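Taking it in order: structure first as structure tokens, then the write-up.
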Amino acid sequence: MRRAARRGGIEGRSIRLAWCPLLVAATFVASGVLAPVAAQEAVRPEIGRPLQAAQQLVGARRFGAALAKVREADAAGPRTPNERALIERMRIAAALGAGEIDVAARAYDALAADGTRPGGAEAARTLEAIAAGYYRAGQYARAAQWAERGAREGAASPALRALQIRSLFQAGDVAAAQRELTRDVTAVERSGGTPADDTLRLLLAMAQKQGDAAAFDAALEKILAHHPTPADWATRLDRLQRRPGFAGRLTLDRLRLLQATGGLKRADDVVEMAQLALQADAGAEARRVVEQGYATGVLGNGPDAARHERLRALVARASGDAARTRAADADSRVAAALDRAYAGDAKAAAVAIRDALAGGGLKRPDDARLHLAIAQWLAGDRAGAIATFRAVGGSDGTADLARLWTLHLRRGS
């Protein structure tokens, strides 16, 4: 969300520059209006001369004067269907350049009613320019209508589609915008493509505006799958921790993933992780966390520096007590093995956890599978870790953590 703000909010650069399509379309349309005249029926001088002048004025970007010339041609008495079409097409060009969007829209409607609506590139640019003009004027509902019309009349383009969705959003029809954008994102993913970062963050903003927590988390996880930042990971893991039903015993596992994704940057988080590791009798992990905290400058500074030193001494003693006694039950053996993995012997740790799972007697086998996958990851077996994470079940947070770990590892981490 902060990223979206830096880019100018949900409007984005392409929409802030919506005036450019109007100028481009005006010049493009004007350049093509009179080119085919020689191949068509004759145009009377009292119509042809002001239209030629209007064309030149559009090229010079004197759009108000060009509109006056169009009105002069329009006042030249009864007109043939061909003359009416030429006048309306030039009116569109001049009106777009002048920012008279209603005038351009009415002229386009007149061509459609006469059956002389332009096709191809001219139609596409005209429809996009009208939609962009209404967007720039803050008439978002009309912008969405014209963008949708463009798609319906065969002038679809990525720019027009993006404009349609953003217009729906700004018009307050967030549900429709969210539905349409979700459809586009799904289509991109199914085709094997990668949705754009800005697209996914717009989807996130829509879910937030709707107050739809499930949709927000789904959009955030798409960002984690394709364009993650440490801040995104911190947001998702914080939301998971606060979710009703998330087991408190998994807080250390949440912090492990936060650390793996580069988000363990606050001294309070580092201290909490080290303390939780000590409580889990994971002295090697606690020492690793604290030493990394000092190496990155997160610990050892500020008013809590003395407290950090005391914690450092405590974890040094705990990790050096090789003779400490552990309970002999299977769950404790899994915990000891995971600490062994963090101490650097991850391959042997994975074997030990796998043996504990095979032997049975575990109170929480999904916790053990989660920790086996972490050990496999620490051992460099990313494919094996992903396979194990996918086998983790549970409704208290283990399956959620495993799914998020899988998103992280699938990016090659």
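So you can find residues: chains in the structure tokens are A, B, ... in the order shown, residues in each start at 1, and ligands are numbered from 1 in order.
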*If you run DSSP on this backbone, which residues of segment 185-315 of chain A come out as alpha helix (DSSP H), and could you give them as a ChimeraX atom specification?*
/A:185-190,197-210,213-226,230-242,251-260,267-279,283-295,305-315
*asked:* Report as a VMD selection string all protein, DNA and RNA residues lying within 12 Å of Gly262 of chain A, evaluated on only C-alpha atoms, omitting residues in the same chain fewer than 3 positions from it.
replied: chain A and resid 228 to 234 255 to 259 265 to 266 270 292 to 293 296 408 413
Quick one: which segment 94-131 of chain A residues come within 12 Å of segment 64-78 of chain A, and what is the nearest atom pair for each with the distance in Å to one decimal, counting only C-alpha atoms, rows ordered by chain and ascending number, as a tab-separated table?
residue	atom	partner	partner_atom	distance
A:Ala94	CA	A:Leu67	CA	5.5
A:Ala95	CA	A:Leu67	CA	6.7
A:Leu96	CA	A:Leu67	CA	10.1
A:Gly97	CA	A:Gly64	CA	8.4
A:Ala98	CA	A:Gly64	CA	6.0
A:Gly99	CA	A:Gly64	CA	9.5
A:Glu100	CA	A:Gly64	CA	9.5
A:Val103	CA	A:Leu67	CA	9.9
A:Ala104	CA	A:Leu67	CA	10.6
A:Ala107	CA	A:Val70	CA	11.5
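Taking only C-alpha atoms into account, Asp355 of chain A lies nearest to A:Ala337 out of the set A:Ala337, A:Asp253, A:Ala113, A:Leu224.
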*Two-atom distance - atom CA of Ala156 of chain A, atom CA of Glu180 of chain A (Å)*: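 Separation of atom CA of Ala156 of chain A and atom CA of Glu180 of chain A: 14.3 Å.
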*Determine the nearest neighbour of Leu278 of chain A from the options A:Leu111, A:Ala93, A:Leu202, A:Ala316, counting only C-alpha atoms.*
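Looking only at the distances to Leu278 of chain A, the closest residue turns out to be A:Ala316.
Considering only C-alpha atoms, the residue among A:Gly359, A:Gly248, A:Gly263, A:Pro365 positioned nearest to Gly397 of chain A is A:Gly248.
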*asked:* Please list as a PyMOL selection string every residue within 12 Å of Ser395 of chain A, counting only C-alpha atoms and excluding residues in the same chain fewer than 6 positions away.
replied: chain A and resi 243-247+364+366-367+401-402
Could you write out the selected residues, including N, CA and C atoms, as a PDB file, in the first residue's frame?
ATOM      1  N   ARG A 243      -5.200 -13.428  13.411  1.00  0.00           N
ATOM      2  CA  ARG A 243      -6.405 -14.131  12.971  1.00  0.00           C
ATOM      3  C   ARG A 243      -6.959 -14.997  14.085  1.00  0.00           C
ATOM      4  N   PRO A 244      -8.265 -14.953  14.305  1.00  0.00           N
ATOM      5  CA  PRO A 244      -8.844 -15.829  15.336  1.00  0.00           C
ATOM      6  C   PRO A 244      -8.528 -17.300  15.051  1.00  0.00           C
ATOM      7  N   GLY A 245      -8.095 -18.003  16.079  1.00  0.00           N
ATOM      8  CA  GLY A 245      -7.778 -19.411  15.919  1.00  0.00           C
ATOM      9  C   GLY A 245      -6.318 -19.701  15.669  1.00  0.00           C
ATOM     10  N   PHE A 246      -5.519 -18.651  15.447  1.00  0.00           N
ATOM     11  CA  PHE A 246      -4.081 -18.890  15.241  1.00  0.00           C
ATOM     12  C   PHE A 246      -3.455 -19.258  16.584  1.00  0.00           C
ATOM     13  N   ALA A 247      -2.760 -20.393  16.634  1.00  0.00           N
ATOM     14  CA  ALA A 247      -2.200 -20.903  17.886  1.00  0.00           C
ATOM     15  C   ALA A 247      -0.992 -20.092  18.332  1.00  0.00           C
ATOM     16  N   ARG A 364       1.602 -33.408  17.840  1.00  0.00           N
ATOM     17  CA  ARG A 364       1.251 -32.483  16.753  1.00  0.00           C
ATOM     18  C   ARG A 364       2.077 -32.838  15.509  1.00  0.00           C
ATOM     19  N   ASP A 366       1.539 -32.260  12.412  1.00  0.00           N
ATOM     20  CA  ASP A 366       1.650 -31.201  11.407  1.00  0.00           C
ATOM     21  C   ASP A 366       2.740 -30.192  11.782  1.00  0.00           C
ATOM     22  N   ASP A 367       2.924 -29.960  13.084  1.00  0.00           N
ATOM     23  CA  ASP A 367       4.052 -29.137  13.520  1.00  0.00           C
ATOM     24  C   ASP A 367       5.365 -29.789  13.093  1.00  0.00           C
ATOM     25  N   LEU A 401       0.927 -21.307   7.518  1.00  0.00           N
ATOM     26  CA  LEU A 401       2.373 -21.058   7.475  1.00  0.00           C
ATOM     27  C   LEU A 401       3.038 -21.883   6.379  1.00  0.00           C
ATOM     28  N   ALA A 402       2.618 -23.136   6.235  1.00  0.00           N
ATOM     29  CA  ALA A 402       3.205 -23.992   5.205  1.00  0.00           C
ATOM     30  C   ALA A 402       2.919 -23.438   3.811  1.00  0.00           C
TER      31      ALA A 402
END
*Would you mind listing what lies within 12 Å of Ala375 of chain A as a PyMOL selection string, with only C-alpha atoms counted and same-chain residues fewer than 3 positions away left out?*
chain A and resi 256+334-354+368-372+378-382+384-386+388-389
*Tell me, as a PyMOL selection string, which residues lie within 10 Å of Gln208 of chain A, counting only C-alpha atoms; anything in the same chain fewer than 6 positions away does not count.*
chain A and resi 1+202+214-217+219
*When you draw a straight line from atom CA of Leu160 of chain A to atom CA of Glu128 of chain A, how long is it in Å?*
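That distance, rounded to one decimal, is 5.8 Å.
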*Just give me the gap between atom CA of Gly360 of chain A and atom CA of Trp405 of chain A in Å, one decimal is fine.*
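Computing the Euclidean distance for atom CA of Gly360 of chain A and atom CA of Trp405 of chain A yields 24.8 Å.
Among the candidates A:His227, A:Lys363, A:Arg287, A:Arg166, the one nearest to Pro195 of chain A when counting only C-alpha atoms is A:His227.
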Find the spatial neighbours of segment 136-145 of chain A, counting only C-alpha atoms, within a cut-off of 6 Å - ignore same-chain residues fewer than 5 positions away - and output them as a tab-separated table (two decimals) with C-alpha atoms, in the first residue's frame.
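As a result, selection34.tsv now contains:
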chain	number	residue	atom	x	y	z
A	131	ALA	CA	-13.07	7.41	-21.99
A	164	GLN	CA	-12.47	0.80	-17.44
A	167	SER	CA	-13.06	4.25	-13.67
A	168	LEU	CA	-15.36	1.76	-11.95
A	171	ALA	CA	-16.98	5.90	-9.55
*Selected residue, from A:Asp114, A:Glu148, A:Glu291, A:Asp329, that lies nearest to Ala177 of chain A when counting only C-alpha atoms*: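 Closest candidate: A:Glu148.
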